[in-house]
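Just entry.txt here, compact mmCIF, C-alpha atoms:
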```txt
# COMPACT_ATOMS: atom_id res chain seq x y z
CA MET A 1 -29.42 -42.76 -21.08
CA ASP A 2 -31.73 -41.72 -23.92
CA ILE A 3 -31.48 -38.22 -25.32
CA GLN A 4 -32.43 -36.17 -28.33
CA VAL A 5 -29.90 -34.10 -30.23
CA ARG A 6 -30.75 -31.32 -32.62
CA VAL A 7 -27.80 -31.14 -34.98
CA TRP A 8 -27.00 -28.41 -37.51
CA ARG A 9 -26.97 -30.05 -40.94
CA GLN A 10 -25.56 -28.06 -43.83
CA PRO A 11 -24.33 -29.91 -46.94
CA SER A 12 -21.79 -27.21 -47.91
CA SER A 13 -20.97 -23.54 -47.47
CA GLU A 14 -23.18 -22.70 -50.45
CA ASP A 15 -26.24 -24.50 -49.09
CA SER A 16 -28.42 -23.26 -46.29
CA GLY A 17 -28.54 -25.32 -43.12
CA ARG A 18 -31.14 -26.41 -40.62
CA MET A 19 -31.44 -28.16 -37.28
CA VAL A 20 -32.36 -31.85 -37.56
CA THR A 21 -33.62 -33.81 -34.57
CA TYR A 22 -32.25 -37.30 -33.86
CA ASP A 23 -32.99 -39.77 -31.07
CA VAL A 24 -29.87 -41.23 -29.49
CA LYS A 25 -30.63 -44.17 -27.27
CA ASP A 26 -28.72 -46.17 -24.69
CA ILE A 27 -25.78 -43.82 -24.32
CA SER A 28 -23.33 -44.50 -21.52
CA PRO A 29 -23.02 -41.58 -19.08
CA ASP A 30 -19.25 -42.17 -19.35
CA ALA A 31 -19.25 -41.58 -23.11
CA SER A 32 -17.71 -38.33 -24.24
CA PHE A 33 -19.83 -35.94 -26.26
CA LEU A 34 -17.96 -36.92 -29.42
CA GLU A 35 -18.47 -40.64 -28.68
CA MET A 36 -22.18 -39.92 -28.40
CA LEU A 37 -22.01 -38.35 -31.88
CA ASP A 38 -20.03 -41.41 -33.10
CA VAL A 39 -22.91 -43.62 -31.93
CA LEU A 40 -25.38 -41.35 -33.71
CA ASN A 41 -23.28 -41.47 -36.90
CA GLU A 42 -23.04 -45.28 -36.78
CA LYS A 43 -26.83 -45.38 -36.65
CA LEU A 44 -27.16 -42.88 -39.51
CA ILE A 45 -24.77 -44.95 -41.66
CA LEU A 46 -26.70 -48.17 -40.95
CA ASP A 47 -29.96 -46.38 -41.77
CA GLY A 48 -28.50 -45.26 -45.12
CA ASP A 49 -28.34 -41.58 -44.11
CA ASP A 50 -25.40 -39.23 -44.37
CA PRO A 51 -23.57 -39.11 -41.01
CA SER A 52 -22.95 -35.67 -39.52
CA ALA A 53 -19.50 -34.21 -40.15
CA PHE A 54 -17.57 -32.84 -37.18
CA ASP A 55 -13.92 -32.07 -36.52
CA HIS A 56 -11.98 -34.15 -33.99
CA ASP A 57 -8.49 -35.49 -33.60
CA CYS A 58 -6.67 -36.19 -30.32
CA ARG A 59 -9.79 -36.54 -28.16
CA GLU A 60 -7.72 -35.69 -25.11
CA GLY A 61 -8.22 -31.93 -25.05
CA ILE A 62 -4.93 -30.77 -26.52
CA CYS A 63 -5.31 -30.53 -30.29
CA GLY A 64 -7.99 -27.87 -30.70
CA MET A 65 -9.88 -29.66 -33.45
CA CYS A 66 -13.25 -30.33 -31.78
CA SER A 67 -15.41 -27.31 -32.21
CA MET A 68 -19.10 -27.26 -31.51
CA VAL A 69 -21.57 -25.05 -29.77
CA ILE A 70 -23.59 -27.18 -27.36
CA ASP A 71 -26.82 -25.71 -26.04
CA GLY A 72 -25.63 -22.29 -27.06
CA VAL A 73 -22.22 -22.50 -25.36
CA ALA A 74 -18.95 -23.11 -27.20
CA HIS A 75 -17.63 -26.52 -26.01
CA GLY A 76 -20.77 -26.97 -23.88
CA PRO A 77 -21.74 -26.38 -20.28
CA GLU A 78 -18.56 -27.46 -18.45
CA ARG A 79 -16.00 -24.72 -17.81
CA ALA A 80 -12.41 -25.12 -19.10
CA THR A 81 -13.34 -28.25 -21.04
CA THR A 82 -13.07 -29.14 -24.71
CA THR A 83 -16.00 -30.93 -26.35
CA CYS A 84 -14.02 -34.18 -26.47
CA GLN A 85 -13.50 -34.03 -22.69
CA LEU A 86 -17.15 -33.25 -21.99
CA HIS A 87 -18.97 -36.37 -20.80
CA MET A 88 -22.60 -37.32 -21.08
CA ARG A 89 -22.93 -37.61 -17.27
CA HIS A 90 -23.24 -33.82 -17.29
CA PHE A 91 -26.56 -34.21 -19.11
CA LYS A 92 -29.79 -35.81 -17.96
CA ASP A 93 -31.80 -38.67 -19.40
CA GLY A 94 -34.39 -37.19 -21.76
CA ASP A 95 -32.43 -33.99 -22.43
CA VAL A 96 -32.77 -32.28 -25.80
CA ILE A 97 -29.32 -30.98 -26.75
CA ASP A 98 -28.63 -28.44 -29.50
CA VAL A 99 -25.38 -28.92 -31.44
CA GLU A 100 -24.19 -26.19 -33.77
CA PRO A 101 -20.95 -25.22 -35.49
CA TRP A 102 -18.82 -22.21 -34.53
CA ARG A 103 -20.66 -19.21 -35.90
CA ALA A 104 -18.44 -16.36 -37.08
CA ALA A 105 -17.99 -14.53 -40.37
CA ALA A 106 -14.31 -15.52 -40.44
CA PHE A 107 -15.12 -19.23 -39.91
CA PRO A 108 -17.36 -20.30 -42.85
CA VAL A 109 -19.12 -23.65 -42.45
CA ILE A 110 -17.62 -26.35 -44.69
CA LYS A 111 -20.14 -29.00 -43.77
CA ASP A 112 -22.48 -29.58 -40.81
CA LEU A 113 -20.34 -28.87 -37.72
CA VAL A 114 -17.05 -28.42 -39.58
CA VAL A 115 -15.86 -24.84 -40.09
CA ASP A 116 -12.86 -23.48 -41.97
CA ARG A 117 -10.39 -22.05 -39.44
CA THR A 118 -7.78 -21.02 -42.01
CA ALA A 119 -8.24 -17.46 -40.74
CA PHE A 120 -6.33 -18.46 -37.56
CA ASP A 121 -3.46 -19.73 -39.71
CA LYS A 122 -3.35 -16.35 -41.45
CA ILE A 123 -2.93 -14.62 -38.07
CA ILE A 124 -0.12 -17.01 -37.09
CA GLN A 125 1.57 -16.61 -40.48
CA ALA A 126 1.59 -12.83 -39.96
CA GLY A 127 3.77 -13.02 -36.85
CA GLY A 128 3.16 -16.02 -34.61
CA TYR A 129 6.78 -17.17 -34.73
CA ILE A 130 10.34 -16.17 -33.89
CA THR A 131 13.17 -15.99 -36.40
CA ALA A 132 16.09 -16.04 -33.94
CA PRO A 133 18.09 -19.22 -34.55
CA THR A 134 17.68 -21.05 -31.24
CA GLY A 135 19.52 -24.26 -32.09
CA ALA A 136 19.20 -27.10 -29.63
CA ALA A 137 17.53 -26.58 -26.26
CA PRO A 138 19.75 -24.02 -24.49
CA GLU A 139 21.20 -24.51 -21.05
CA ALA A 140 18.47 -23.17 -18.76
CA HIS A 141 20.79 -20.91 -16.75
CA ALA A 142 22.17 -19.22 -19.87
CA THR A 143 19.04 -17.11 -20.43
CA PRO A 144 17.35 -16.36 -17.12
CA VAL A 145 13.60 -15.74 -17.40
CA PRO A 146 11.77 -14.40 -14.33
CA LYS A 147 9.44 -17.03 -12.90
CA LYS A 148 6.48 -14.66 -13.18
CA ASP A 149 7.10 -14.20 -16.94
CA ALA A 150 7.73 -17.89 -17.56
CA ASP A 151 4.48 -18.82 -15.80
CA LEU A 152 2.44 -16.30 -17.77
CA ALA A 153 4.10 -17.28 -21.07
CA CYS A 154 3.34 -20.95 -20.38
CA GLU A 155 -0.25 -20.08 -19.45
CA ALA A 156 -0.65 -18.18 -22.74
CA ALA A 157 1.00 -21.05 -24.63
CA THR A 158 -1.72 -23.46 -23.52
CA CYS A 159 -3.99 -21.92 -26.18
CA ILE A 160 -4.89 -24.77 -28.54
CA GLY A 161 -6.34 -22.49 -31.23
CA CYS A 162 -9.77 -24.12 -31.22
CA GLY A 163 -11.66 -20.89 -31.92
CA ALA A 164 -14.18 -21.11 -29.08
CA CYS A 165 -13.28 -17.50 -28.17
CA VAL A 166 -14.39 -16.36 -31.63
CA ALA A 167 -17.56 -18.45 -31.54
CA ALA A 168 -18.55 -16.99 -28.16
CA CYS A 169 -17.70 -13.37 -28.94
CA PRO A 170 -20.69 -11.20 -29.89
CA ASN A 171 -18.36 -9.44 -32.35
CA GLY A 172 -16.75 -12.61 -33.72
CA SER A 173 -13.38 -11.26 -32.58
CA ALA A 174 -10.22 -13.35 -32.38
CA MET A 175 -8.63 -11.04 -29.83
CA LEU A 176 -8.11 -13.64 -27.06
CA PHE A 177 -6.41 -16.03 -29.52
CA THR A 178 -4.14 -13.31 -30.92
CA ALA A 179 -3.43 -11.98 -27.42
CA ALA A 180 -2.41 -15.45 -26.24
CA LYS A 181 0.05 -15.88 -29.12
CA VAL A 182 1.45 -12.35 -28.75
CA ALA A 183 1.92 -12.81 -24.99
CA HIS A 184 3.40 -16.30 -25.23
CA LEU A 185 6.14 -15.14 -27.61
CA GLY A 186 6.49 -11.57 -26.30
CA LEU A 187 7.24 -12.67 -22.72
CA MET A 188 10.24 -14.75 -23.76
CA PRO A 189 13.68 -13.31 -24.56
CA GLN A 190 13.68 -15.16 -27.90
CA GLY A 191 10.49 -13.32 -28.87
CA GLN A 192 11.87 -9.79 -28.34
CA PRO A 193 13.37 -9.00 -31.79
CA GLU A 194 9.96 -9.16 -33.50
CA ARG A 195 7.86 -8.07 -30.56
CA ASP A 196 6.74 -4.79 -32.15
CA THR A 197 6.19 -5.97 -35.71
CA ARG A 198 4.51 -9.12 -34.43
CA VAL A 199 1.69 -7.38 -32.59
CA ILE A 200 1.05 -4.90 -35.42
CA ASP A 201 1.12 -7.57 -38.17
CA MET A 202 -0.97 -10.11 -36.27
CA LEU A 203 -3.66 -7.56 -35.45
CA GLN A 204 -3.69 -6.43 -39.09
CA ALA A 205 -4.06 -10.06 -40.23
CA GLN A 206 -6.87 -10.52 -37.72
CA ASP A 207 -8.77 -7.53 -39.14
CA ASP A 208 -8.06 -8.62 -42.74
CA ALA A 209 -9.41 -12.11 -42.05
CA GLY A 210 -12.82 -10.69 -41.19
CA PHE A 211 -12.79 -11.00 -37.39
CA GLY A 212 -14.63 -8.32 -35.45
CA GLY A 213 -13.18 -5.88 -32.96
CA CYS A 214 -12.84 -6.49 -29.23
CA THR A 215 -15.18 -4.68 -26.85
CA ASN A 216 -14.06 -6.55 -23.71
CA ALA A 217 -17.28 -8.55 -23.48
CA GLY A 218 -15.29 -11.33 -21.82
CA GLU A 219 -17.33 -14.20 -23.30
CA CYS A 220 -14.11 -15.57 -24.83
CA THR A 221 -12.32 -16.31 -21.58
CA THR A 222 -15.51 -17.81 -20.11
CA VAL A 223 -15.71 -20.51 -22.78
CA CYS A 224 -11.95 -20.96 -23.33
CA PRO A 225 -11.14 -24.63 -22.66
CA LYS A 226 -7.69 -23.57 -21.45
CA GLY A 227 -8.85 -20.62 -19.36
CA ILE A 228 -6.71 -18.06 -21.20
CA PRO A 229 -7.14 -14.93 -19.03
CA LEU A 230 -8.79 -11.76 -20.38
CA THR A 231 -5.89 -9.70 -18.97
CA LEU A 232 -3.76 -10.89 -21.91
CA ILE A 233 -5.89 -8.69 -24.19
CA GLY A 234 -4.90 -5.69 -22.05
CA ARG A 235 -1.30 -6.80 -22.44
CA LEU A 236 -1.73 -7.01 -26.22
CA ASN A 237 -3.21 -3.49 -26.34
CA SER A 238 -0.31 -2.19 -24.28
CA ASP A 239 2.20 -3.87 -26.62
CA TYR A 240 0.31 -2.49 -29.60
CA ARG A 241 0.39 1.12 -28.36
CA LYS A 242 4.11 0.89 -27.57
CA ALA A 243 4.81 -0.59 -31.01
CA LEU A 244 2.85 2.16 -32.78
CA ARG A 245 4.74 4.90 -30.90
CA LYS A 246 8.06 3.44 -32.02
CA LYS A 247 6.98 3.01 -35.59
CA MET B 1 7.59 -59.99 -30.28
CA GLU B 2 7.77 -63.52 -31.66
CA ARG B 3 6.81 -64.56 -35.17
CA THR B 4 6.92 -67.75 -37.21
CA GLU B 5 6.71 -68.53 -40.91
CA GLU B 6 3.45 -70.35 -40.28
CA GLY B 7 1.90 -67.45 -38.36
CA LEU B 8 2.95 -64.83 -40.91
CA THR B 9 1.65 -66.91 -43.82
CA LYS B 10 -1.64 -67.29 -42.01
CA ALA B 11 -1.79 -63.55 -41.30
CA ILE B 12 -1.19 -62.66 -44.95
CA GLY B 13 -4.08 -64.95 -45.95
CA LEU B 14 -6.38 -63.42 -43.34
CA ILE B 15 -5.45 -59.85 -44.36
CA ARG B 16 -6.06 -60.61 -48.05
CA GLY B 17 -9.45 -62.12 -47.19
CA LEU B 18 -10.42 -59.06 -45.17
CA ARG B 19 -9.15 -56.75 -47.90
CA ASP B 20 -11.20 -58.53 -50.57
CA GLU B 21 -14.27 -58.38 -48.35
CA PHE B 22 -13.61 -54.66 -47.75
CA TRP B 23 -13.49 -53.86 -51.47
CA GLN B 24 -16.60 -55.92 -52.19
CA ARG B 25 -18.71 -54.70 -49.30
CA VAL B 26 -17.44 -51.21 -48.49
CA LYS B 27 -20.18 -48.62 -48.33
CA VAL B 28 -19.20 -44.97 -48.26
CA PRO B 29 -22.04 -42.59 -47.45
CA GLY B 30 -22.12 -39.07 -48.84
CA THR B 31 -21.19 -37.67 -52.20
CA GLY B 32 -18.07 -36.62 -54.05
CA GLU B 33 -19.38 -33.06 -54.27
CA GLN B 34 -18.94 -32.10 -50.61
CA LEU B 35 -16.52 -32.65 -47.78
CA ASN B 36 -16.72 -36.38 -47.17
CA GLN B 37 -15.09 -37.57 -43.95
CA ASN B 38 -16.36 -41.11 -44.60
CA LEU B 39 -14.39 -41.26 -47.83
CA GLU B 40 -11.28 -40.12 -45.91
CA LYS B 41 -11.80 -42.93 -43.38
CA ALA B 42 -12.43 -45.55 -46.07
CA GLY B 43 -9.23 -44.48 -47.85
CA ARG B 44 -7.31 -44.84 -44.62
CA VAL B 45 -8.66 -48.36 -44.02
CA ALA B 46 -7.67 -49.28 -47.59
CA ASP B 47 -4.14 -48.00 -46.88
CA PHE B 48 -3.94 -50.03 -43.68
CA PHE B 49 -4.75 -53.26 -45.54
CA GLU B 50 -1.85 -52.64 -47.93
CA LEU B 51 0.50 -51.67 -45.14
CA ALA B 52 -0.50 -54.63 -42.96
CA GLU B 53 0.06 -57.09 -45.78
CA LEU B 54 3.42 -55.56 -46.70
CA MET B 55 4.62 -55.64 -43.08
CA CYS B 56 3.88 -59.37 -42.98
CA ILE B 57 5.53 -59.95 -46.38
CA ASP B 58 8.64 -58.14 -45.18
CA ALA B 59 8.68 -60.02 -41.88
CA LEU B 60 8.22 -63.34 -43.68
CA HIS B 61 11.05 -62.51 -46.03
CA ARG B 62 13.49 -61.71 -43.22
CA ARG B 63 14.31 -65.16 -41.89
CA GLU B 64 16.33 -64.02 -38.93
CA SER B 65 15.88 -62.70 -35.42
CA CYS B 66 17.07 -59.16 -34.95
CA GLY B 67 16.73 -56.80 -32.00
CA GLY B 68 13.25 -57.08 -30.52
CA HIS B 69 12.00 -58.97 -33.56
CA PHE B 70 12.25 -62.66 -32.72
CA ARG B 71 11.76 -65.15 -35.52
CA ALA B 72 11.14 -68.50 -33.81
CA GLU B 73 12.91 -70.45 -36.56
CA SER B 74 16.07 -68.41 -36.05
CA GLN B 75 17.42 -68.96 -32.56
CA THR B 76 20.49 -70.35 -30.88
CA ALA B 77 20.53 -73.66 -29.03
CA ASP B 78 19.73 -71.84 -25.78
CA GLY B 79 16.86 -69.78 -27.23
CA GLU B 80 18.62 -66.47 -27.95
CA ALA B 81 17.98 -64.36 -31.08
CA LEU B 82 20.10 -65.49 -34.03
CA ARG B 83 20.98 -62.90 -36.69
CA HIS B 84 22.09 -63.75 -40.22
CA ASP B 85 24.22 -60.77 -41.19
CA ASP B 86 25.47 -62.55 -44.31
CA GLN B 87 21.92 -62.51 -45.74
CA PHE B 88 20.02 -59.68 -44.09
CA SER B 89 22.42 -56.83 -43.33
CA TYR B 90 20.41 -54.32 -45.36
CA VAL B 91 17.57 -51.81 -45.09
CA ALA B 92 14.57 -53.00 -47.07
CA ALA B 93 12.45 -50.62 -49.15
CA TRP B 94 9.49 -52.19 -50.92
CA GLU B 95 8.18 -50.75 -54.16
CA TYR B 96 4.42 -50.71 -54.47
CA ALA B 97 3.07 -52.94 -57.19
CA THR B 98 -0.08 -51.85 -58.96
CA ASP B 99 -2.92 -54.22 -59.86
CA GLY B 100 -2.26 -56.64 -57.03
CA GLY B 101 1.21 -57.61 -58.26
CA LYS B 102 4.04 -58.55 -55.93
CA PRO B 103 5.97 -55.69 -54.35
CA THR B 104 9.61 -55.33 -55.41
CA LEU B 105 12.34 -55.40 -52.80
CA HIS B 106 15.07 -52.76 -52.97
CA LYS B 107 18.03 -53.25 -50.67
CA GLU B 108 20.29 -50.65 -49.15
CA GLN B 109 23.30 -52.54 -47.88
CA LEU B 110 24.46 -51.73 -44.36
CA GLU B 111 28.22 -51.23 -44.35
CA PHE B 112 30.05 -50.76 -41.09
CA GLU B 113 33.56 -49.38 -41.41
CA TYR B 114 34.55 -48.76 -37.81
CA VAL B 115 32.12 -50.42 -35.42
CA HIS B 116 31.16 -53.86 -36.60
CA PRO B 117 27.96 -55.67 -35.61
CA SER B 118 28.41 -58.11 -32.78
CA THR B 119 26.11 -60.14 -30.60
CA ARG B 120 25.03 -58.61 -27.33
CA SER B 121 24.66 -60.93 -24.41
CA TYR B 122 22.59 -60.14 -21.36
CA LYS B 123 23.85 -63.21 -19.52
```
Exercise: express the given structure as structure tokens:
Amino acid sequence: MDIQVRVWRQPSSEDSGRMVTYDVKDISPDASFLEMLDVLNEKLILDGDDPSAFDHDCREGICGMCSMVIDGVAHGPERATTTCQLHMRHFKDGDVIDVEPWRAAAFPVIKDLVVDRTAFDKIIQAGGYITAPTGAAPEAHATPVPKKDADLACEAATCIGCGACVAACPNGSAMLFTAAKVAHLGLMPQGQPERDTRVIDMLQAQDDAGFGGCTNAGECTTVCPKGIPLTLIGRLNSDYRKALRKK
Amino acid sequence: MERTEEGLTKAIGLIRGLRDEFWQRVKVPGTGEQLNQNLEKAGRVADFFELAELMCIDALHRRESCGGHFRAESQTADGEALRHDDQFSYVAAWEYATDGGKPTLHKEQLEFEYVHPSTRSYK
């Protein structure tokens, strides 16, 4: 299939960027979106141009590196799908596809489609961990966890920290990300000792990093490649209120 | 995994040829001023040439069959792996040599006080 892509090109965070149109010919419908960009980059290199920079790593939907807004939607048109798992068969021959980086104040563009997601690390550093010495994997029956809690914790733990939630949010808020981390640890017995300080510190770090506030727009969960549910934000707010009362 | 002295010598020659071609013909787009993913990739390829050559040098040096590593020249009369503990019972660490020199072999001798190496037979 032959398509046109309009790619955001920005040499560095100091430079201004612009959309540049490229023809990409003879793409297999079975190619992933990133493979299509690989083909484009090969052509750019052979033509003596600078290939477009984009983040990628595992290419199997679990690492959270790929991060692009495709036709205005973070990770593109397929629900619950990372960009690397999006295939060209979901587009039509002759399509013109816009490709942009995550756009959020807390995620400055480094180059082209690559943004700096250090702000997520700051949130994790503020409380996304447990300090209880857990040793080797404990005997499962020693610490019973209700099935309902284990399921929800595991669902929250599927967050790969890609940042699509932030890119989709009209406020540039990281609330779904933070909520996923707070829920994943707060539902487990090992996460209880720091449950109160965790939610307060992580929210503070989120505000300090320049993310916006949550207004329950729900765009985040719609684009989330792992389908992290919006209800976790309610859970975070509940944890937050309880923690403030105890403080 | 079977290897021979002839095959390893050939591989080292091929890797060196490819490496020379790489350094003569490599083209890295972009600049040194900005994030340059192409430079990262080129650096990784350069590393792989060094690593590939060293792996072959190490394999060539170890003239024995050991574990899953079968050296065709070192086998028993009925085709089983033949170790040479008197010569190769050590962990090899190779020191990188700058300017294309030969890497230096450092040996950490394997000493077994209680359980001594023996030959496992699957027959």
What's the 7 Å shell around segment 33-49 of chain B, counting all atoms listed in the file, without same-chain residues fewer than 6 positions away, as a CSV table (one decimal) with C-alpha atoms, in the frame of the given file?
```
chain,number,residue,atom,x,y,z
A,11,PRO,CA,-24.3,-29.9,-46.9
A,12,SER,CA,-21.8,-27.2,-47.9
A,53,ALA,CA,-19.5,-34.2,-40.2
A,111,LYS,CA,-20.1,-29.0,-43.8
B,15,ILE,CA,-5.4,-59.8,-44.4
B,19,ARG,CA,-9.2,-56.8,-47.9
```
**OP:** Kindly give the distance, in Å, that separates atom CA of Thr143 of chain A and atom CA of Met188 of chain A, rounded to a single decimal.
**Re:**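 So the answer is 9.7 Å.
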Subject >> Between atom CA of Glu108 of chain B and atom CA of Ala52 of chain B - distance in Å to one decimal >> reply: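 Between these atoms lies a distance of 22.1 Å.
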**OP:** List the neighbours of His87 of chain A out to 7 Å using all atoms listed in the file; skip same-chain residues closer than 2 positions along the sequence, and give me the result as a list in words.
**Re:**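 Within the cut-off, the hits are Pro29, Asp30, Ala31, Ser32, Phe33, Gln85, Arg89 and His90 of chain A.
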Original post:
Nearest to Cys224 of chain A: which of A:Gly191, A:Gly161, A:Gly94, A:Pro144 is it, counting only C-alpha atoms?
Top reply: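 So, comparing all the options, the nearest one is A:Gly161.
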**OP:** Write out as a PyMOL selection string which residues come within 12 Å of Lys102 of chain B when counting only C-alpha atoms, dropping same-chain ones fewer than 2 positions away.
**Re:** chain B and resi 50+53-54+57-58+94-100+104-105
**OP:** Work out how far atom CA of Phe88 of chain B is from atom CA of Arg3 of chain B, in Å to one decimal.
**Re:**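 So the answer is 16.7 Å.
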**OP:** For segment 66-75 of chain A, list every protein, DNA or RNA residue within 8 Å, evaluated using only C-alpha atoms, and leave out those in the same chain fewer than 3 positions away; present the list as a VMD selection string.
**Re:** chain A and resid 54 to 57 59 78 81 to 84 86 97 to 102 113 to 114 162 to 164 167 to 168 223 225
Original post:
From the set B:Leu18, B:Cys56, B:Val26, B:Ile12, which residue has the shortest atom-to-atom contact distance to chain A, counting only C-alpha atoms?
Top reply: B:Val26
Original post:
Nearest to chain B: which of A:Asp50, A:Asp38, A:Asp2, A:Glu14 is it, counting all atoms listed in the file?
Top reply: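 The answer is A:Asp50, which sits nearest to chain B.
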Subject >> Neighbour list for Gly135 of chain A as number ranges by chain, cut-off 12 Å, all atoms listed in the file, skip fewer than 4 positions in-chain >> reply: A: 131, 139, 190
Subject >> Expected residue set, 12 Å radius at (13.6, -11.2, -32.1), all atoms listed in the file, as an MDAnalysis selection string >> reply: chainID A and resid 127:134 185:198
Original post:
Hey, which of A:Gln10, A:Ser52, A:Phe91, A:Asp23 ends up closest to Pro108 of chain A? Count only C-alpha atoms.
Top reply: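 Closest to Pro108 of chain A, using only C-alpha atoms: A:Gln10.
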**OP:** Determine the nearest neighbour of chain B from the options A:Ala180, A:Met88, A:Ile3, A:Ile45, counting only C-alpha atoms.
**Re:**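 Distance minimum relative to chain B lands on A:Ile45.
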Subject >> Shortest interatomic distance to chain B - which of A:Ile228, A:Leu176, A:Ala150, A:Val115, counting all atoms listed in the file >> reply: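 Looking at the shortest contact to chain B, the residue is A:Val115.
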Rebuild N, CA and C atoms on segment 16-31 of chain B, as an mmCIF file, in the frame of the given file?
```cif
data_model
loop_
_atom_site.group_PDB
_atom_site.id
_atom_site.type_symbol
_atom_site.label_atom_id
_atom_site.label_comp_id
_atom_site.auth_asym_id
_atom_site.auth_seq_id
_atom_site.Cartn_x
_atom_site.Cartn_y
_atom_site.Cartn_z
ATOM 1 N N ARG B 16 -5.555 -60.646 -46.660
ATOM 2 C CA ARG B 16 -6.060 -60.610 -48.050
ATOM 3 C C ARG B 16 -7.559 -60.883 -48.091
ATOM 4 N N GLY B 17 -8.021 -61.818 -47.252
ATOM 5 C CA GLY B 17 -9.450 -62.120 -47.190
ATOM 6 C C GLY B 17 -10.249 -60.908 -46.741
ATOM 7 N N LEU B 18 -9.743 -60.253 -45.682
ATOM 8 C CA LEU B 18 -10.420 -59.060 -45.170
ATOM 9 C C LEU B 18 -10.416 -57.936 -46.208
ATOM 10 N N ARG B 19 -9.267 -57.810 -46.898
ATOM 11 C CA ARG B 19 -9.150 -56.750 -47.900
ATOM 12 C C ARG B 19 -10.137 -56.975 -49.046
ATOM 13 N N ASP B 20 -10.249 -58.227 -49.498
ATOM 14 C CA ASP B 20 -11.200 -58.530 -50.570
ATOM 15 C C ASP B 20 -12.626 -58.230 -50.119
ATOM 16 N N GLU B 21 -12.920 -58.623 -48.880
ATOM 17 C CA GLU B 21 -14.270 -58.380 -48.350
ATOM 18 C C GLU B 21 -14.532 -56.870 -48.279
ATOM 19 N N PHE B 22 -13.485 -56.133 -47.846
ATOM 20 C CA PHE B 22 -13.610 -54.660 -47.750
ATOM 21 C C PHE B 22 -13.981 -54.078 -49.111
ATOM 22 N N TRP B 23 -13.233 -54.455 -50.163
ATOM 23 C CA TRP B 23 -13.490 -53.860 -51.470
ATOM 24 C C TRP B 23 -14.818 -54.296 -52.068
ATOM 25 N N GLN B 24 -15.299 -55.476 -51.670
ATOM 26 C CA GLN B 24 -16.600 -55.920 -52.190
ATOM 27 C C GLN B 24 -17.771 -55.301 -51.447
ATOM 28 N N ARG B 25 -17.562 -55.101 -50.123
ATOM 29 C CA ARG B 25 -18.710 -54.700 -49.300
ATOM 30 C C ARG B 25 -18.657 -53.266 -48.792
ATOM 31 N N VAL B 26 -17.573 -52.556 -49.071
ATOM 32 C CA VAL B 26 -17.440 -51.210 -48.490
ATOM 33 C C VAL B 26 -18.579 -50.305 -48.970
ATOM 34 N N LYS B 27 -19.100 -49.544 -48.014
ATOM 35 C CA LYS B 27 -20.180 -48.620 -48.330
ATOM 36 C C LYS B 27 -19.763 -47.264 -47.799
ATOM 37 N N VAL B 28 -19.633 -46.311 -48.672
ATOM 38 C CA VAL B 28 -19.200 -44.970 -48.260
ATOM 39 C C VAL B 28 -20.362 -44.010 -48.436
ATOM 40 N N PRO B 29 -20.937 -43.550 -47.312
ATOM 41 C CA PRO B 29 -22.040 -42.590 -47.450
ATOM 42 C C PRO B 29 -21.542 -41.248 -47.960
ATOM 43 N N GLY B 30 -22.473 -40.412 -48.384
ATOM 44 C CA GLY B 30 -22.120 -39.070 -48.840
ATOM 45 C C GLY B 30 -21.846 -39.034 -50.329
ATOM 46 N N THR B 31 -21.424 -37.863 -50.780
ATOM 47 C CA THR B 31 -21.190 -37.670 -52.200
ATOM 48 C C THR B 31 -19.756 -37.206 -52.432
#
```
